Structures are given as C-alpha cells and as structure tokens.
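Colleague: See input-v1.txt below, with compact mmCIF, C-alpha atoms.
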# COMPACT_ATOMS: atom_id res chain seq x y z
CA MET A 1 -2.67 8.70 15.26
CA TYR A 2 0.92 7.67 14.57
CA LEU A 3 2.83 8.75 11.48
CA SER A 4 6.00 7.27 10.06
CA THR A 5 8.08 8.16 7.02
CA GLU A 6 9.43 4.63 6.79
CA ASN A 7 9.22 2.86 3.43
CA CYS A 8 10.89 -0.44 4.37
CA VAL A 9 8.08 -2.98 4.69
CA GLU A 10 9.87 -5.01 7.38
CA ALA A 11 10.28 -1.88 9.54
CA ILE A 12 6.61 -0.98 9.08
CA ILE A 13 5.53 -4.48 10.04
CA ASP A 14 7.72 -4.35 13.18
CA LEU A 15 6.30 -0.93 14.05
CA ALA A 16 2.73 -2.12 13.55
CA ARG A 17 3.33 -5.12 15.82
CA THR A 18 4.74 -2.81 18.50
CA VAL A 19 2.16 -0.02 18.29
CA GLN A 20 -0.81 -2.30 17.48
CA PRO A 21 -2.83 0.29 15.58
CA ALA A 22 -6.54 -0.06 14.89
CA LEU A 23 -5.85 0.64 11.20
CA LEU A 24 -2.74 0.90 9.00
CA ALA A 25 -2.58 3.13 5.92
CA VAL A 26 0.38 2.91 3.53
CA ASP A 27 0.87 5.74 1.04
CA SER A 28 1.99 4.68 -1.42
CA ILE A 29 2.58 1.00 -2.05
CA GLN A 30 4.79 1.92 -5.02
CA THR A 31 7.38 3.48 -2.68
CA MET A 32 7.65 0.45 -0.40
CA PHE A 33 10.53 -2.01 -0.52
CA SER A 34 11.60 -5.22 1.16
CA GLN A 35 15.21 -5.65 2.22
CA GLU A 36 14.95 -9.29 1.19
CA VAL A 37 14.23 -8.54 -2.47
CA ALA A 38 17.09 -7.47 -4.72
CA SER A 39 15.38 -4.85 -6.86
CA THR A 40 14.63 -1.15 -6.66
CA PRO A 41 11.61 0.34 -4.86
CA GLY A 42 8.72 0.70 -7.26
CA SER A 43 9.65 -2.34 -9.31
CA ILE A 44 6.97 -4.93 -9.93
CA THR A 45 8.73 -7.43 -7.67
CA GLN A 46 9.06 -4.95 -4.80
CA VAL A 47 5.46 -3.75 -5.03
CA ARG A 48 4.09 -7.29 -5.17
CA GLU A 49 6.30 -8.53 -2.30
CA SER A 50 5.57 -5.51 -0.09
CA ALA A 51 1.84 -5.89 -0.64
CA ALA A 52 2.03 -9.62 0.08
CA ARG A 53 3.84 -9.02 3.38
CA LEU A 54 1.32 -6.38 4.43
CA LEU A 55 -1.48 -8.77 3.48
CA VAL A 56 -0.04 -11.41 5.83
CA LEU A 57 0.23 -8.79 8.59
CA ALA A 58 -3.40 -7.80 8.06
CA LYS A 59 -4.76 -11.33 8.08
CA ASN A 60 -2.62 -12.58 10.99
CA ASN A 61 -3.46 -9.59 13.20
CA ASN A 62 -7.03 -8.85 12.10
CA LEU A 63 -5.75 -5.41 11.08
CA PRO A 64 -7.41 -3.33 8.38
CA VAL A 65 -4.71 -2.16 5.96
CA PHE A 66 -5.31 0.51 3.34
CA LEU A 67 -2.82 0.51 0.49
CA VAL A 68 -2.79 3.74 -1.45
CA GLY A 69 -1.60 3.29 -5.00
CA HIS A 70 -0.86 5.79 -7.69
CA VAL A 71 -2.31 5.65 -11.16
CA THR A 72 -0.68 6.49 -14.45
CA LYS A 73 -1.83 9.35 -16.66
CA ASP A 74 -4.06 6.98 -18.60
CA GLY A 75 -5.79 5.96 -15.35
CA SER A 76 -4.37 2.47 -14.84
CA ILE A 77 -2.70 1.37 -11.61
CA ALA A 78 1.01 2.16 -11.62
CA GLY A 79 2.76 -1.15 -11.11
CA PRO A 80 1.48 -4.68 -11.35
CA ARG A 81 -2.20 -5.33 -11.91
CA VAL A 82 -1.74 -8.33 -9.64
CA LEU A 83 -2.31 -5.89 -6.76
CA GLU A 84 -5.97 -5.66 -7.73
CA HIS A 85 -6.27 -9.41 -7.20
CA MET A 86 -4.44 -9.44 -3.85
CA VAL A 87 -6.68 -6.96 -2.03
CA ASP A 88 -10.31 -7.19 -0.96
CA THR A 89 -11.48 -3.92 -2.49
CA VAL A 90 -10.16 -1.48 -5.08
CA LEU A 91 -11.47 2.07 -4.92
CA TYR A 92 -10.78 4.72 -7.53
CA PHE A 93 -11.14 8.39 -6.63
CA GLU A 94 -11.91 10.34 -9.75
CA GLY A 95 -12.86 13.86 -10.57
CA ASP A 96 -11.96 16.79 -12.72
CA ARG A 97 -9.91 19.82 -11.81
CA GLY A 98 -12.99 22.05 -11.86
CA GLN A 99 -14.66 20.20 -9.00
CA MET A 100 -13.94 20.65 -5.32
CA PHE A 101 -14.30 16.97 -4.38
CA ARG A 102 -13.36 13.63 -5.91
CA ILE A 103 -15.80 10.76 -6.23
Go ahead and render the structure in this file as structure tokens.
Modeller:
Amino acid sequence: MYLSTENCVEAIIDLARTVQPALLAVDSIQTMFSQEVASTPGSITQVRESAARLLVLAKNNNLPVFLVGHVTKDGSIAGPRVLEHMVDTVLYFEGDRGQMFRI
C-alpha cells in the first residue's frame, strides 16, 4: 500500500504511472486540482477536470479508481452532479450516529 498527500491531479497521475498500483483511491475528489485550470480547488471546474483526468488514467491503464466524494448536510454530492454521470457506480454510505456501522 502506498499513501500520498498530494492533491495535484497531474502529480497523482505521474505517481500512478510510476508505481503502477492495482487500485487507486482518491479522497476526496473535491480537494483535487489541476495546474492547467485557473480556478480554486473544490470549484466545479476543478472537480470536473480532475475527475475527467483520473477517468482517462483509469481507462487507459485498466486501473480501478475509487473517487471519494463528500456530501452536503442535505445529503447531496458536494460539487457538480456531473460526477455521477462520469463514473461507473455511485455508492452512498449512510447511517445514523447511534449505529456502529454505515450501510
């Protein structure tokens, strides 16, 4: 298992190409940014562009990529809903504070 605190998508892609992991998990997609996009991390443009670049990495390298995304207090995905249409599967982990595990 390799861990990185990097949040620049280009650096993560370079690292993934070097290390060649069996799986890549990014937590969270809302903190990622591309150096080629002139907006702040977490903006709709940055989130969409970062996800798109990771999608290309996944498809070109047959690499499973898990994108962890945060939700708002009302339960919707923080950031653009377009993310739901870019990925193959969307999983929601839900539960209440009184339970030990989330479903």
Colleague: Nearest to A:Lys59: which of A:Leu3, A:Val37, A:Ile29, A:Val87 is it, counting only C-alpha atoms?
Modeller: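 Under the stated criterion, the closest residue is A:Val87.
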Colleague: Of the residues A:Asp88, A:Thr45, A:Asn60, A:Val65, which is the one nearest to A:Ile12, using only C-alpha atoms?
Modeller: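 Smallest distance to A:Ile12 is found for A:Val65.
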Colleague: May I have the residues within 9 Å of A:Gln46 as a VMD selection string, using all atoms listed in the file and disregarding those fewer than 6 positions away in the same chain?
Modeller: chain A and resid 30 to 34 37 to 40
Colleague: Would you please work out which residue, of A:Arg17, A:Arg48, A:His70, A:Arg102, is nearest to A:Val82 when using only C-alpha atoms?
Modeller: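 The closest residue to A:Val82 is A:Arg48.
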Colleague: Interatomic distance between atom CA of A:Gly69 and atom CA of A:Ala22?
Modeller: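 Atom CA of A:Gly69 sits 20.8 Å away from atom CA of A:Ala22.
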Colleague: Atom CA of A:Val68 to atom CA of A:Asp27: how many Å, to one decimal?
Modeller: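 Distance between the two atoms: 4.9 Å.
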Colleague: Can you tell me how far atom CA of A:Ala11 sits from atom CA of A:Leu91, in Å to one decimal?
Modeller: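 Going from atom CA of A:Ala11 over to atom CA of A:Leu91 covers 26.4 Å.
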Colleague: Please list as an mmCIF file with C-alpha atoms, in the coordinates of the input every residue within 9 Å of A:Gln20, counting only C-alpha atoms and excluding residues in the same chain fewer than 5 positions away.
Modeller:
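Result saved to result.cif:
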data_model
loop_
_atom_site.group_PDB
_atom_site.id
_atom_site.type_symbol
_atom_site.label_atom_id
_atom_site.label_comp_id
_atom_site.auth_asym_id
_atom_site.auth_seq_id
_atom_site.Cartn_x
_atom_site.Cartn_y
_atom_site.Cartn_z
ATOM 1 C CA LEU A 15 6.300 -0.930 14.050
ATOM 2 C CA ASN A 61 -3.460 -9.590 13.200
ATOM 3 C CA LEU A 63 -5.750 -5.410 11.080
#
Colleague: Taking (8.4, -6.8, 4.5) in the file's coordinates, which residues come within 8 Å, counting only C-alpha atoms, written as a ChimeraX atom specification?
Modeller: /A:8-13,33-36,49-50,53-54
Colleague: Using only C-alpha atoms, which residue out of A:Met100, A:Ile44, A:Met1, A:Val71 lies closest to A:Ser28?
Modeller: A:Val71
Colleague: So, counting all atoms listed in the file, which residue among A:Leu57, A:Leu67, A:Leu83, A:Ala51 is closest to A:Ala25?
Modeller: A:Leu67
Colleague: Mind dumping stretch 30-44 of chain A from that block, keeping N, CA, C and O atoms, as a compact mmCIF listing (two decimals), in the first residue's frame?
Modeller:
# COMPACT_ATOMS: atom_id res chain seq x y z
N GLN A 30 -13.08 16.45 -4.15
CA GLN A 30 -13.31 17.89 -4.00
C GLN A 30 -12.04 18.65 -3.60
O GLN A 30 -12.00 19.86 -3.69
N THR A 31 -10.99 17.96 -3.17
CA THR A 31 -9.75 18.63 -2.80
C THR A 31 -8.73 18.61 -3.93
O THR A 31 -7.67 19.23 -3.82
N MET A 32 -9.02 17.93 -5.01
CA MET A 32 -8.09 17.80 -6.13
C MET A 32 -8.08 19.07 -6.97
O MET A 32 -9.08 19.78 -7.04
N PHE A 33 -6.94 19.31 -7.64
CA PHE A 33 -6.88 20.43 -8.57
C PHE A 33 -5.93 20.08 -9.71
O PHE A 33 -5.04 19.25 -9.57
N SER A 34 -6.16 20.71 -10.84
CA SER A 34 -5.29 20.60 -12.00
C SER A 34 -4.54 21.92 -12.15
O SER A 34 -5.14 22.99 -12.06
N GLN A 35 -3.25 21.83 -12.41
CA GLN A 35 -2.45 23.03 -12.61
C GLN A 35 -2.84 23.76 -13.89
O GLN A 35 -2.54 24.93 -14.06
N GLU A 36 -3.52 23.06 -14.78
CA GLU A 36 -3.88 23.64 -16.07
C GLU A 36 -5.23 24.35 -16.07
O GLU A 36 -5.65 24.88 -17.08
N VAL A 37 -5.89 24.36 -14.93
CA VAL A 37 -7.19 25.02 -14.81
C VAL A 37 -7.05 26.19 -13.84
O VAL A 37 -6.57 26.02 -12.72
N ALA A 38 -7.48 27.34 -14.28
CA ALA A 38 -7.32 28.56 -13.48
C ALA A 38 -8.53 28.80 -12.58
O ALA A 38 -9.33 29.70 -12.81
N SER A 39 -8.68 27.95 -11.59
CA SER A 39 -9.71 28.16 -10.57
C SER A 39 -9.26 27.45 -9.30
O SER A 39 -8.30 26.69 -9.31
N THR A 40 -9.95 27.70 -8.22
CA THR A 40 -9.52 27.17 -6.92
C THR A 40 -9.93 25.71 -6.75
O THR A 40 -10.94 25.26 -7.32
N PRO A 41 -9.15 24.95 -5.97
CA PRO A 41 -9.55 23.57 -5.67
C PRO A 41 -10.94 23.55 -5.04
O PRO A 41 -11.29 24.42 -4.25
N GLY A 42 -11.72 22.59 -5.44
CA GLY A 42 -13.09 22.48 -4.94
C GLY A 42 -14.11 23.13 -5.83
O GLY A 42 -15.31 22.89 -5.69
N SER A 43 -13.66 23.97 -6.77
CA SER A 43 -14.62 24.59 -7.68
C SER A 43 -15.17 23.53 -8.64
O SER A 43 -14.57 22.47 -8.84
N ILE A 44 -16.30 23.82 -9.21
CA ILE A 44 -16.94 22.88 -10.13
C ILE A 44 -16.00 22.52 -11.27
O ILE A 44 -15.86 21.35 -11.63
